[in-house]
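Next up, structure-v1.txt (compact mmCIF, C-alpha atoms):
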```txt
# COMPACT_ATOMS: atom_id res chain seq x y z
CA MET Z 1 -45.67 69.09 -15.19
CA SER Z 2 -44.97 65.72 -13.67
CA ALA Z 3 -45.39 62.29 -15.12
CA VAL Z 4 -44.92 58.65 -14.28
CA VAL Z 5 -43.89 56.10 -16.90
CA LYS Z 6 -43.61 52.35 -16.62
CA THR Z 7 -41.88 49.94 -18.93
CA VAL Z 8 -43.24 46.49 -19.56
CA THR Z 9 -41.39 43.67 -17.77
CA PRO Z 10 -38.38 42.87 -19.97
CA PHE Z 11 -38.96 39.68 -21.92
CA THR Z 12 -35.53 38.12 -21.53
CA GLN Z 13 -36.46 34.50 -22.33
CA ARG Z 14 -37.35 33.75 -25.95
CA ASP Z 15 -39.03 30.41 -25.25
CA LEU Z 16 -41.25 31.92 -22.58
CA LEU Z 17 -42.25 34.80 -24.83
CA LEU Z 18 -43.20 32.37 -27.60
CA GLU Z 19 -45.08 30.26 -25.06
CA ALA Z 20 -46.98 33.35 -23.95
CA LEU Z 21 -47.85 34.33 -27.53
CA ASP Z 22 -49.01 30.77 -28.25
CA GLU Z 23 -51.18 30.76 -25.16
CA LEU Z 24 -52.78 34.05 -26.18
CA GLY Z 25 -53.38 32.76 -29.71
CA VAL Z 26 -51.17 35.41 -31.31
CA VAL Z 27 -49.93 34.42 -34.77
CA TYR Z 28 -46.25 35.21 -35.25
CA GLN Z 29 -43.25 34.45 -37.40
CA GLU Z 30 -39.58 34.52 -36.40
CA LYS Z 31 -37.20 36.44 -38.65
CA GLY Z 32 -33.62 36.68 -37.44
CA ASN Z 33 -33.68 38.39 -34.05
CA ALA Z 34 -37.30 39.50 -34.49
CA ILE Z 35 -40.65 37.92 -33.71
CA MET Z 36 -43.11 39.44 -36.17
CA THR Z 37 -46.67 39.44 -34.88
CA GLU Z 38 -49.89 39.49 -36.87
CA ARG Z 39 -50.60 42.98 -35.55
CA VAL Z 40 -50.01 45.41 -38.37
CA ASP Z 41 -49.80 49.20 -38.29
CA ASP Z 42 -48.62 51.73 -40.87
CA TYR Z 43 -45.01 50.68 -40.30
CA GLY Z 44 -45.74 47.01 -40.95
CA ALA Z 45 -45.92 44.12 -38.53
CA GLN Z 46 -45.53 45.02 -34.89
CA ARG Z 47 -42.61 43.00 -33.63
CA PHE Z 48 -40.51 41.97 -30.70
CA ILE Z 49 -36.83 42.62 -31.37
CA TYR Z 50 -34.04 41.11 -29.33
CA GLU Z 51 -31.59 43.84 -28.26
CA GLN Z 52 -29.32 44.19 -25.25
CA GLY Z 53 -30.55 41.08 -23.50
CA ALA Z 54 -34.31 41.45 -23.91
CA TYR Z 55 -37.10 41.55 -26.46
CA ARG Z 56 -38.51 45.04 -27.00
CA PHE Z 57 -41.78 45.70 -28.75
CA GLN Z 58 -41.48 47.90 -31.81
CA HIS Z 59 -44.62 49.61 -33.07
CA ASP Z 60 -46.06 52.80 -34.43
CA SER Z 61 -47.24 54.81 -31.45
CA SER Z 62 -49.74 56.98 -33.34
CA PRO Z 63 -53.15 56.10 -31.96
CA TRP Z 64 -55.19 57.40 -34.90
CA ARG Z 65 -53.83 55.15 -37.62
CA LYS Z 66 -55.90 52.39 -39.13
CA LEU Z 67 -55.02 49.11 -37.51
CA ASN Z 68 -56.01 45.49 -37.94
CA PHE Z 69 -56.41 44.67 -34.26
CA ASN Z 70 -59.46 42.69 -33.28
CA LYS Z 71 -58.33 41.91 -29.77
CA TRP Z 72 -56.23 44.20 -27.53
CA LYS Z 73 -56.99 47.44 -29.35
CA THR Z 74 -54.06 49.26 -27.80
CA VAL Z 75 -50.41 48.32 -27.55
CA SER Z 76 -50.64 48.82 -23.80
CA ALA Z 77 -53.47 46.28 -23.52
CA PHE Z 78 -51.60 43.82 -25.73
CA LEU Z 79 -48.35 44.13 -23.77
CA GLY Z 80 -50.27 43.85 -20.50
CA ALA Z 81 -51.77 40.55 -21.67
CA VAL Z 82 -48.41 39.20 -22.89
CA GLU Z 83 -46.72 40.28 -19.67
CA LYS Z 84 -49.27 38.49 -17.51
CA VAL Z 85 -48.97 35.18 -19.35
CA TYR Z 86 -45.15 35.53 -19.58
CA HIS Z 87 -44.99 35.88 -15.78
CA GLN Z 88 -47.05 32.72 -15.36
CA ALA Z 89 -44.81 30.84 -17.80
CA TYR Z 90 -41.72 32.13 -15.92
CA GLU Z 91 -43.09 30.83 -12.63
CA ARG Z 92 -43.87 27.43 -14.19
CA LEU Z 93 -40.35 27.28 -15.62
CA GLN Z 94 -38.82 28.07 -12.22
CA GLN Z 95 -40.73 25.18 -10.69
CA ARG Z 96 -39.64 22.77 -13.44
CA LEU Z 97 -35.97 23.65 -13.34
CA ALA Z 98 -33.33 21.90 -11.31
CA ALA Z 99 -31.62 23.94 -8.61
CA GLU Z 100 -28.50 24.63 -10.67
CA GLU Z 101 -30.46 25.79 -13.68
CA ARG Z 102 -32.57 28.02 -11.43
CA ARG Z 103 -29.37 29.60 -10.13
CA ARG Z 104 -28.18 30.22 -13.69
CA LEU Z 105 -31.49 31.88 -14.57
CA GLU Z 106 -31.31 33.94 -11.39
CA GLU Z 107 -27.76 35.09 -12.24
CA GLU Z 108 -28.88 36.06 -15.72
CA ARG Z 109 -31.73 38.07 -14.26
CA LYS Z 110 -29.41 39.88 -11.81
CA ARG Z 111 -26.98 40.71 -14.61
CA PHE Z 112 -29.81 42.17 -16.64
CA VAL Z 113 -31.05 44.33 -13.75
CA GLU Z 114 -27.49 45.58 -13.15
CA GLN Z 115 -27.13 46.39 -16.84
CA GLN Z 116 -30.39 48.42 -16.72
CA LYS Z 117 -29.16 50.29 -13.65
CA GLN Z 118 -25.77 51.11 -15.14
CA ALA Z 119 -27.38 52.37 -18.35
CA VAL Z 120 -29.66 54.75 -16.41
CA ILE Z 121 -26.75 55.98 -14.27
CA GLN Z 122 -24.57 56.59 -17.32
CA ARG Z 123 -27.26 58.58 -19.14
CA ALA Z 124 -28.20 60.52 -16.01
CA LYS Z 125 -24.56 61.55 -15.54
CA GLU Z 126 -24.37 62.70 -19.14
CA GLN Z 127 -27.49 64.79 -18.58
CA GLY Z 128 -26.00 66.47 -15.52
CA TYR Z 129 -27.87 64.75 -12.70
CA ASN Z 130 -26.56 63.95 -9.26
CA ILE Z 131 -27.38 60.35 -8.50
CA LYS Z 132 -28.23 58.65 -5.25
CA GLU Z 133 -28.86 54.91 -5.12
CA ILE Z 134 -31.14 53.38 -2.51
CA ARG Z 135 -32.01 49.69 -2.03
CA LYS Z 136 -35.65 49.02 -1.20
CA GLY Z 137 -36.11 45.28 -0.69
CA ASN Z 138 -35.66 43.68 -4.09
CA LYS Z 139 -35.91 47.02 -5.84
CA ILE Z 140 -33.30 49.61 -6.70
CA GLN Z 141 -34.25 53.25 -6.49
CA LEU Z 142 -32.17 55.89 -8.24
CA GLN Z 143 -32.83 59.45 -7.25
CA LEU Z 144 -31.66 61.85 -9.94
CA VAL Z 145 -31.49 65.51 -9.04
CA ARG Z 146 -30.42 68.45 -11.17
CA THR Z 147 -30.46 72.12 -10.28
CA THR Z 148 -31.62 74.53 -12.97
CA TYR Z 149 -30.67 78.19 -13.25
CA MET X 150 -32.70 77.37 -7.11
CA PRO X 151 -35.29 75.15 -8.77
CA GLU X 152 -34.64 71.45 -8.84
CA GLN X 153 -35.53 68.83 -11.39
CA ARG X 154 -35.94 65.41 -9.92
CA ILE X 155 -36.48 61.98 -11.42
CA THR X 156 -37.02 58.91 -9.28
CA VAL X 157 -36.25 55.72 -11.16
CA THR X 158 -37.26 52.41 -9.63
CA ILE X 159 -35.96 49.16 -11.11
CA ASP X 160 -37.66 46.04 -9.83
CA GLU X 161 -36.20 42.55 -9.48
CA LYS X 162 -37.10 41.64 -13.06
CA GLY X 163 -35.65 44.82 -14.59
CA GLN X 164 -38.95 46.60 -15.08
CA ILE X 165 -38.52 50.35 -14.74
CA MET X 166 -40.85 52.95 -13.27
CA ALA X 167 -39.82 56.60 -13.41
CA LYS X 168 -41.47 59.64 -11.85
CA THR X 169 -40.55 63.25 -12.49
CA ALA X 170 -40.94 66.47 -10.53
CA GLY X 171 -40.00 70.07 -11.22
CA PHE X 172 -40.19 70.12 -15.02
CA GLN X 173 -41.93 72.71 -17.14
CA GLY X 174 -44.67 71.58 -19.51
CA GLU X 175 -44.06 68.48 -21.57
CA ALA X 176 -40.29 68.57 -20.94
CA CYS X 177 -40.62 65.80 -18.38
CA LEU X 178 -41.77 63.33 -21.04
CA ASP X 179 -38.89 64.28 -23.35
CA GLU X 180 -36.47 63.86 -20.47
CA LEU X 181 -37.83 60.43 -19.56
CA GLN X 182 -37.70 59.36 -23.17
CA SER X 183 -34.04 60.25 -23.52
CA LEU X 184 -33.22 58.63 -20.20
CA LEU X 185 -35.06 55.36 -20.82
CA GLU X 186 -34.72 55.01 -24.58
CA ASP X 187 -33.95 51.40 -25.56
CA LEU X 188 -34.12 50.24 -21.95
CA GLY X 189 -37.62 48.85 -22.28
CA THR X 190 -40.96 49.23 -23.97
CA ILE X 191 -42.90 52.00 -22.30
CA HIS X 192 -46.49 50.88 -21.94
CA GLU X 193 -47.91 53.24 -19.37
CA VAL X 194 -47.67 57.01 -19.09
CA LYS X 195 -49.57 58.89 -16.42
CA LYS X 196 -49.62 62.62 -15.89
CA THR X 197 -49.69 63.18 -12.16
CA ASP X 198 -51.93 65.33 -9.98
CA ALA X 199 -49.35 68.12 -10.14
CA TYR X 200 -49.91 68.36 -13.88
CA TYR X 201 -53.69 68.62 -13.55
CA GLN X 202 -53.45 71.06 -10.64
CA GLN X 203 -51.17 73.26 -12.71
CA ASN X 204 -53.67 73.20 -15.58
CA ALA X 205 -56.56 73.91 -13.23
CA ILE X 206 -54.77 77.03 -11.96
CA LYS X 207 -54.31 78.25 -15.52
CA VAL X 208 -58.02 77.75 -16.30
CA THR X 209 -59.07 79.57 -13.14
CA LYS X 210 -56.84 82.52 -14.01
CA LYS X 211 -58.31 82.73 -17.51
CA GLN X 212 -61.85 82.73 -16.13
CA THR X 213 -61.01 85.51 -13.68
CA VAL X 214 -59.62 87.66 -16.46
CA GLY X 215 -62.75 87.03 -18.53
CA ARG X 216 -65.09 88.25 -15.80
CA THR X 217 -63.32 91.54 -15.05
```

Could I get this structure in the form of structure tokens?
Amino acid sequence: MSAVVKTVTPFTQRDLLLEALDELGVVYQEKGNAIMTERVDDYGAQRFIYEQGAYRFQHDSSPWRKLNFNKWKTVSAFLGAVEKVYHQAYERLQQRLAAEERRRLEEERKRFVEQQKQAVIQRAKEQGYNIKEIRKGNKIQLQLVRTTY
Amino acid sequence: MPEQRITVTIDEKGQIMAKTAGFQGEACLDELQSLLEDLGTIHEVKKTDAYYQQNAIKVTKKQTVGRT
């Protein structure tokens, strides 16, 4: 079997994430490093948690549980909506910022991408893969190959 | 010797897309989960044509056995 998975764009900027949630009309509350949303599943409020440089969405992935969602019935639809508005807010921020601040944001973004890459490489090595890195424009492609016996 | 292959693409914002080939059954999803755990929120999973073709072959074989 083969499969393709995609992660949501990492939400690295807290202010932009909150701006996106406000724009979408999502009610939320900040608690420590978490942004608790009004979306509730059997494990409580679905939340964004800040870890390793980005906010990750924590939720119960079981699709059959009773949920309180009126809008965006699935997590995928919700994250898709947040991602879209977050991108727009990011673009607006870039336009507002002075050149030096833009460079700082750009450096932060590059560091995050590098951190993602190193984490994948490290895990792939531990799992016995041979790794080949290819640059494709702004994207990094890692080809992981393992021979089975 | 059979090969297991995963192609991981990281875009300029750190978003990850990963595609597998050469895995048996659902093992590819387990493998991707262990590889990408904590690196992002997975919001899209697609089983590729290879998966459906493989299943179609199994169904065809079952039907053939049933007729004979």

Provide as number ranges by chain the residues of chain Z at most 7 Å from chain X, counting all atoms listed in the file.
Z: 1-10, 56-57, 76, 109, 112-113, 116, 120, 123-124, 138-149

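Of note, CA of Tyr50 (chain Z) and CA of Leu97 (chain Z) are spaced 23.8 Å apart.
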
For Tyr86 (chain Z), list every protein, DNA or RNA residue within 7 Å, evaluated using only C-alpha atoms, and leave out those in the same chain fewer than 3 positions away; present the list as a ChimeraX atom specification.
/Z:16-17,20,82-83,89-90

Can you work out the spacing between CA of Met36 (chain Z) and CA of Glu106 (chain Z) in Å, to one decimal?
28.0 Å

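The two atoms in question, CA of Gln88 (chain Z) and CA of Val26 (chain Z), are spaced 16.7 Å apart.
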
Polymer residues at most 12 Å from Ala45 (chain Z), only C-alpha atoms, same-chain spacing of 2 or more positions, as number ranges by chain
Z: 27-31, 34-43, 47-49, 57-60, 67-69
